[in-house]
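structure.txt, holding compact mmCIF, C-alpha atoms:
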```txt
# COMPACT_ATOMS: atom_id res chain seq x y z
CA LEU A 66 65.86 48.14 35.10
CA ALA A 67 64.56 44.86 36.47
CA LYS A 68 63.24 42.49 33.81
CA THR A 69 59.57 41.69 34.19
CA THR A 70 57.53 38.76 32.96
CA GLN A 71 53.76 38.85 32.70
CA PRO A 72 51.20 36.86 30.73
CA ILE A 73 50.76 38.00 27.14
CA SER A 74 46.98 37.87 27.32
CA MET A 75 44.07 37.04 29.60
CA ASP A 76 40.34 36.73 29.14
CA SER A 77 37.74 37.23 31.83
CA TYR A 78 34.05 37.94 32.18
CA GLU A 79 32.26 41.00 33.40
CA GLY A 80 31.81 41.06 37.15
CA GLN A 81 34.78 38.80 37.84
CA GLU A 82 37.90 39.69 39.78
CA VAL A 83 40.99 39.64 37.59
CA ASN A 84 44.47 39.05 38.91
CA ILE A 85 47.50 39.69 36.72
CA THR A 86 50.80 38.48 38.12
CA CYS A 87 54.16 39.91 37.18
CA SER A 88 57.50 38.28 37.95
CA HIS A 89 60.54 40.46 38.66
CA ASN A 90 63.18 38.21 40.16
CA ASN A 91 66.03 40.70 40.03
CA ILE A 92 64.21 43.62 41.60
CA ALA A 93 66.59 45.95 43.42
CA THR A 94 66.18 47.15 46.98
CA ASN A 95 65.11 50.66 45.98
CA ASP A 96 62.86 49.66 43.09
CA TYR A 97 59.16 50.43 43.11
CA ILE A 98 56.55 48.39 41.24
CA THR A 99 54.23 50.36 39.03
CA TRP A 100 51.34 49.36 36.80
CA TYR A 101 50.05 51.31 33.83
CA GLN A 102 46.97 50.71 31.73
CA GLN A 103 46.57 51.51 28.04
CA PHE A 104 43.26 51.58 26.22
CA PRO A 105 43.30 51.23 22.43
CA SER A 106 44.50 54.40 20.69
CA GLN A 107 45.17 56.17 23.98
CA GLY A 108 48.25 56.98 26.03
CA PRO A 109 49.25 54.80 28.98
CA ARG A 110 47.67 55.74 32.29
CA PHE A 111 49.10 55.18 35.76
CA ILE A 112 47.03 52.76 37.82
CA ILE A 113 48.91 51.93 41.00
CA GLN A 114 52.34 51.80 42.56
CA GLY A 115 53.74 49.97 45.56
CA TYR A 116 56.90 48.97 47.33
CA LYS A 117 55.80 46.14 49.61
CA THR A 118 52.73 44.40 51.09
CA LYS A 119 49.45 45.75 49.77
CA VAL A 120 48.33 48.97 48.18
CA THR A 121 44.74 49.77 47.29
CA ASN A 122 43.17 52.67 45.46
CA GLU A 123 39.83 53.31 43.80
CA VAL A 124 40.87 51.39 40.68
CA ALA A 125 42.89 48.37 41.81
CA SER A 126 44.88 46.60 44.49
CA LEU A 127 48.51 45.63 44.30
CA PHE A 128 49.79 42.69 46.29
CA ILE A 129 53.52 42.33 46.84
CA PRO A 130 54.93 39.36 48.78
CA ALA A 131 57.73 39.76 51.27
CA ASP A 132 60.46 38.74 48.81
CA ARG A 133 59.15 41.29 46.25
CA LYS A 134 60.08 38.98 43.38
CA SER A 135 56.57 39.16 42.02
CA SER A 136 53.48 41.31 42.28
CA THR A 137 49.81 40.86 41.49
CA LEU A 138 47.51 43.51 40.14
CA SER A 139 43.95 42.84 41.20
CA LEU A 140 40.99 44.42 39.40
CA PRO A 141 37.73 43.90 41.30
CA ARG A 142 34.51 43.24 39.38
CA VAL A 143 35.77 44.08 35.91
CA SER A 144 33.58 45.56 33.22
CA LEU A 145 33.90 45.67 29.44
CA SER A 146 35.64 49.02 29.77
CA ASP A 147 38.55 47.37 31.57
CA THR A 148 39.62 45.78 28.29
CA ALA A 149 43.12 47.17 27.85
CA VAL A 150 46.81 46.36 27.96
CA TYR A 151 48.31 46.35 31.47
CA TYR A 152 52.01 47.00 31.95
CA CYS A 153 54.08 46.00 34.98
CA LEU A 154 57.14 48.22 35.44
CA VAL A 155 59.95 47.90 37.95
CA GLY A 156 62.92 50.15 38.49
CA ARG A 157 64.21 53.64 39.05
CA ASP A 158 65.13 55.35 35.85
CA ASP A 159 64.48 58.58 34.05
CA LYS A 160 62.37 56.85 31.41
CA ILE A 161 59.83 54.08 31.17
CA ILE A 162 60.72 50.97 29.21
CA PHE A 163 57.47 49.32 28.33
CA GLY A 164 57.26 45.61 27.66
CA LYS A 165 54.47 44.00 25.70
CA GLY A 166 52.20 44.01 28.74
CA THR A 167 49.19 41.81 29.34
CA ARG A 168 46.31 42.22 26.94
CA LEU A 169 43.18 41.81 29.06
CA HIS A 170 39.98 41.07 27.20
CA ILE A 171 36.73 41.27 29.15
CA LEU A 172 33.86 39.28 27.74
CA PRO A 173 30.14 40.00 28.36
CA GLU B 39 42.25 66.89 37.04
CA PRO B 40 45.13 68.46 35.09
CA GLU B 41 46.06 66.68 31.90
CA VAL B 42 48.64 66.63 29.15
CA THR B 43 47.30 67.82 25.82
CA GLN B 44 48.67 67.18 22.34
CA THR B 45 48.03 68.70 18.94
CA PRO B 46 47.22 67.77 16.31
CA SER B 47 45.41 64.53 17.04
CA HIS B 48 46.16 63.30 13.52
CA GLN B 49 48.74 64.37 10.97
CA VAL B 50 49.28 63.11 7.46
CA THR B 51 52.45 64.15 5.68
CA GLN B 52 54.54 63.28 2.66
CA MET B 53 57.84 61.48 3.04
CA GLY B 54 60.66 63.98 3.38
CA GLN B 55 58.51 66.70 4.90
CA GLU B 56 59.08 68.24 8.31
CA VAL B 57 56.50 67.80 11.04
CA ILE B 58 56.17 69.40 14.44
CA LEU B 59 54.14 67.68 17.10
CA ARG B 60 53.02 69.83 19.99
CA CYS B 61 52.39 69.07 23.62
CA VAL B 62 51.30 71.10 26.61
CA PRO B 63 52.52 69.30 29.73
CA ILE B 64 50.90 69.68 33.14
CA SER B 65 51.78 73.16 34.31
CA ASN B 66 53.92 72.49 37.39
CA HIS B 67 55.74 69.48 35.94
CA LEU B 68 59.46 69.68 35.33
CA TYR B 69 60.25 66.54 33.32
CA PHE B 70 59.01 65.94 29.82
CA TYR B 71 59.12 62.91 27.57
CA TRP B 72 58.28 61.72 24.10
CA TYR B 73 57.37 58.13 23.32
CA ARG B 74 56.13 56.51 20.17
CA GLN B 75 54.08 53.43 19.42
CA ILE B 76 54.09 51.87 15.99
CA LEU B 77 50.77 50.19 15.29
CA GLY B 78 50.56 46.85 17.11
CA GLN B 79 53.92 47.28 18.83
CA LYS B 80 55.27 48.36 22.20
CA VAL B 81 55.42 51.89 23.48
CA GLU B 82 59.03 53.04 22.89
CA PHE B 83 60.91 55.74 24.75
CA LEU B 84 62.34 58.49 22.53
CA VAL B 85 63.67 61.28 24.73
CA SER B 86 63.50 62.89 28.14
CA PHE B 87 63.93 66.62 28.74
CA TYR B 88 64.64 68.59 31.88
CA ASN B 89 65.83 72.11 32.56
CA ASN B 90 65.83 72.93 28.86
CA GLU B 91 68.14 70.09 28.01
CA ILE B 92 67.82 66.57 26.76
CA SER B 93 68.61 64.31 29.71
CA GLU B 94 68.41 61.02 27.85
CA LYS B 95 67.58 59.79 24.39
CA SER B 96 67.13 56.42 22.76
CA GLU B 97 68.73 55.03 19.61
CA ILE B 98 65.54 55.91 17.76
CA PHE B 99 66.07 59.60 18.49
CA ASP B 100 68.60 60.31 15.76
CA ASP B 101 69.60 63.57 14.08
CA GLN B 102 66.24 63.79 12.33
CA PHE B 103 64.54 64.38 15.67
CA SER B 104 64.71 67.40 17.91
CA VAL B 105 62.80 68.67 20.92
CA GLU B 106 62.22 72.15 22.19
CA ARG B 107 60.42 73.99 24.91
CA PRO B 108 59.90 77.29 23.09
CA ASP B 109 57.96 78.95 25.88
CA GLY B 110 56.79 78.17 29.39
CA SER B 111 54.01 75.86 28.32
CA ASN B 112 54.71 74.04 25.06
CA PHE B 113 56.98 71.08 24.42
CA THR B 114 57.55 70.13 20.79
CA LEU B 115 58.94 67.21 18.84
CA LYS B 116 60.24 67.97 15.36
CA ILE B 117 60.98 65.40 12.73
CA ARG B 118 63.02 67.11 10.02
CA SER B 119 62.61 64.76 7.11
CA THR B 120 59.97 62.15 7.73
CA LYS B 121 60.35 58.56 6.61
CA LEU B 122 57.65 55.96 6.07
CA GLU B 123 58.79 54.17 9.22
CA ASP B 124 58.09 57.27 11.31
CA SER B 125 54.39 56.49 11.00
CA ALA B 126 53.27 55.88 14.57
CA MET B 127 51.36 57.28 17.50
CA TYR B 128 53.50 59.80 19.36
CA PHE B 129 52.84 60.32 23.05
CA CYS B 130 54.04 63.19 25.16
CA ALA B 131 54.33 62.68 28.91
CA SER B 132 55.30 64.79 31.89
CA SER B 133 56.13 64.21 35.52
CA LEU B 134 56.72 66.41 38.52
CA GLN B 135 60.11 64.89 39.16
CA GLY B 136 62.43 62.47 37.41
CA LEU B 137 63.14 58.86 38.29
CA ALA B 138 60.23 57.99 36.06
CA ILE B 139 59.29 54.60 37.36
CA GLN B 140 58.85 55.91 40.87
CA GLU B 141 57.28 59.19 39.82
CA THR B 142 53.99 58.99 37.99
CA GLN B 143 54.17 60.00 34.37
CA TYR B 144 51.09 61.54 32.83
CA PHE B 145 50.61 60.77 29.17
CA GLY B 146 48.81 62.80 26.57
CA PRO B 147 46.25 61.36 24.16
CA GLY B 148 48.79 61.09 21.37
CA THR B 149 49.26 62.32 17.83
CA ARG B 150 48.79 59.77 15.10
CA LEU B 151 51.33 60.48 12.39
CA LEU B 152 50.97 58.92 8.97
CA VAL B 153 53.80 59.35 6.48
CA LEU B 154 52.91 58.66 2.85
```
Representation of the structure as structure tokens:
Amino acid sequence: LAKTTQPISMDSYEGQEVNITCSHNNIATNDYITWYQQFPSQGPRFIIQGYKTKVTNEVASLFIPADRKSSTLSLPRVSLSDTAVYYCLVGRDDKIIFGKGTRLHILP
Amino acid sequence: EPEVTQTPSHQVTQMGQEVILRCVPISNHLYFYWYRQILGQKVEFLVSFYNNEISEKSEIFDDQFSVERPDGSNFTLKIRSTKLEDSAMYFCASSLQGLAIQETQYFGPGTRLLVL
């Protein structure tokens, strides 16, 4: 599994766009990049997955540069309910190894 | 949207007692997982299960733990003799296929286990 590095915590305000960057310098050719979200006292929830360039769904966008050594999760116009821990995961394995993630705190 | 369900939502038990945590994975999924999260800590992988066999387990998953798929719908985690340090939130997850990072895993709401 590729090691990932992401900020421990971030604060933002309602209505802002939030970008969380994850570094994964030793990503392998076949690895996908996946982001999960975890609200307090709930199970992790899949947000988005990508391999290269840009992926967008109804929740977020994922930007992956050509070298794939990093990725950025973009949350448009966040609300208080987006307060959660966001995990960046890279690899191909029959289990998920969660890091500490990024604790995003949205302020009113 | 189909979802993973878990029962009970909360369980309190005495040290040394056996507990069984139950999960109903999404019906057409083939891979099943248990994770745990001690309060304030990371989500930790315990075990993966496919084709009625354990496919991988972590160091946490020692002889006190066992998993079973007793029928076509339930997936259980048994802790034979609970310890104080087993207190945690236990999450069940399922996916259609393996290679978990690439294949979306769907997590249940968790069972909060408190060992006294």
Counting all atoms listed in the file, which residues of chain B come no farther than 10 Å from chain A, as a PyMOL selection string? chain B and resi 69-75+77-87+93-96+127-131+135-150
Write the residues of the selection above to a file with C-alpha atoms, as an mmCIF file, in the coordinates of the input.
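This went into out-v3.cif:
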```cif
data_model
loop_
_atom_site.group_PDB
_atom_site.id
_atom_site.type_symbol
_atom_site.label_atom_id
_atom_site.label_comp_id
_atom_site.auth_asym_id
_atom_site.auth_seq_id
_atom_site.Cartn_x
_atom_site.Cartn_y
_atom_site.Cartn_z
ATOM 1 C CA TYR B 69 60.250 66.540 33.320
ATOM 2 C CA PHE B 70 59.010 65.940 29.820
ATOM 3 C CA TYR B 71 59.120 62.910 27.570
ATOM 4 C CA TRP B 72 58.280 61.720 24.100
ATOM 5 C CA TYR B 73 57.370 58.130 23.320
ATOM 6 C CA ARG B 74 56.130 56.510 20.170
ATOM 7 C CA GLN B 75 54.080 53.430 19.420
ATOM 8 C CA LEU B 77 50.770 50.190 15.290
ATOM 9 C CA GLY B 78 50.560 46.850 17.110
ATOM 10 C CA GLN B 79 53.920 47.280 18.830
ATOM 11 C CA LYS B 80 55.270 48.360 22.200
ATOM 12 C CA VAL B 81 55.420 51.890 23.480
ATOM 13 C CA GLU B 82 59.030 53.040 22.890
ATOM 14 C CA PHE B 83 60.910 55.740 24.750
ATOM 15 C CA LEU B 84 62.340 58.490 22.530
ATOM 16 C CA VAL B 85 63.670 61.280 24.730
ATOM 17 C CA SER B 86 63.500 62.890 28.140
ATOM 18 C CA PHE B 87 63.930 66.620 28.740
ATOM 19 C CA SER B 93 68.610 64.310 29.710
ATOM 20 C CA GLU B 94 68.410 61.020 27.850
ATOM 21 C CA LYS B 95 67.580 59.790 24.390
ATOM 22 C CA SER B 96 67.130 56.420 22.760
ATOM 23 C CA MET B 127 51.360 57.280 17.500
ATOM 24 C CA TYR B 128 53.500 59.800 19.360
ATOM 25 C CA PHE B 129 52.840 60.320 23.050
ATOM 26 C CA CYS B 130 54.040 63.190 25.160
ATOM 27 C CA ALA B 131 54.330 62.680 28.910
ATOM 28 C CA GLN B 135 60.110 64.890 39.160
ATOM 29 C CA GLY B 136 62.430 62.470 37.410
ATOM 30 C CA LEU B 137 63.140 58.860 38.290
ATOM 31 C CA ALA B 138 60.230 57.990 36.060
ATOM 32 C CA ILE B 139 59.290 54.600 37.360
ATOM 33 C CA GLN B 140 58.850 55.910 40.870
ATOM 34 C CA GLU B 141 57.280 59.190 39.820
ATOM 35 C CA THR B 142 53.990 58.990 37.990
ATOM 36 C CA GLN B 143 54.170 60.000 34.370
ATOM 37 C CA TYR B 144 51.090 61.540 32.830
ATOM 38 C CA PHE B 145 50.610 60.770 29.170
ATOM 39 C CA GLY B 146 48.810 62.800 26.570
ATOM 40 C CA PRO B 147 46.250 61.360 24.160
ATOM 41 C CA GLY B 148 48.790 61.090 21.370
ATOM 42 C CA THR B 149 49.260 62.320 17.830
ATOM 43 C CA ARG B 150 48.790 59.770 15.100
#
```
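Pairwise distance (CA of Arg168 in chain A, CA of Phe104 in chain A) equals 9.9 Å.
When CA of Thr86 in chain A is paired with CA of Ser74 in chain A, their separation reads 11.5 Å.
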As a check of understanding: the span from CA of Glu82 in chain A to CA of Pro130 in chain A is 19.3 Å
Which polymer residues, protein or nucleic acid, are no farther than 12 Å from (26.6, 40.1, 23.6), counting all atoms listed in the file, as a PDB file with C-alpha atoms, in the coordinates of the input?
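So result-v6.pdb came out as:
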```pdb
ATOM      1  CA  TYR A  78      34.050  37.940  32.180  1.00  0.00           C
ATOM      2  CA  GLU A  79      32.260  41.000  33.400  1.00  0.00           C
ATOM      3  CA  LEU A 145      33.900  45.670  29.440  1.00  0.00           C
ATOM      4  CA  ILE A 171      36.730  41.270  29.150  1.00  0.00           C
ATOM      5  CA  LEU A 172      33.860  39.280  27.740  1.00  0.00           C
ATOM      6  CA  PRO A 173      30.140  40.000  28.360  1.00  0.00           C
TER       7      PRO A 173
END
```
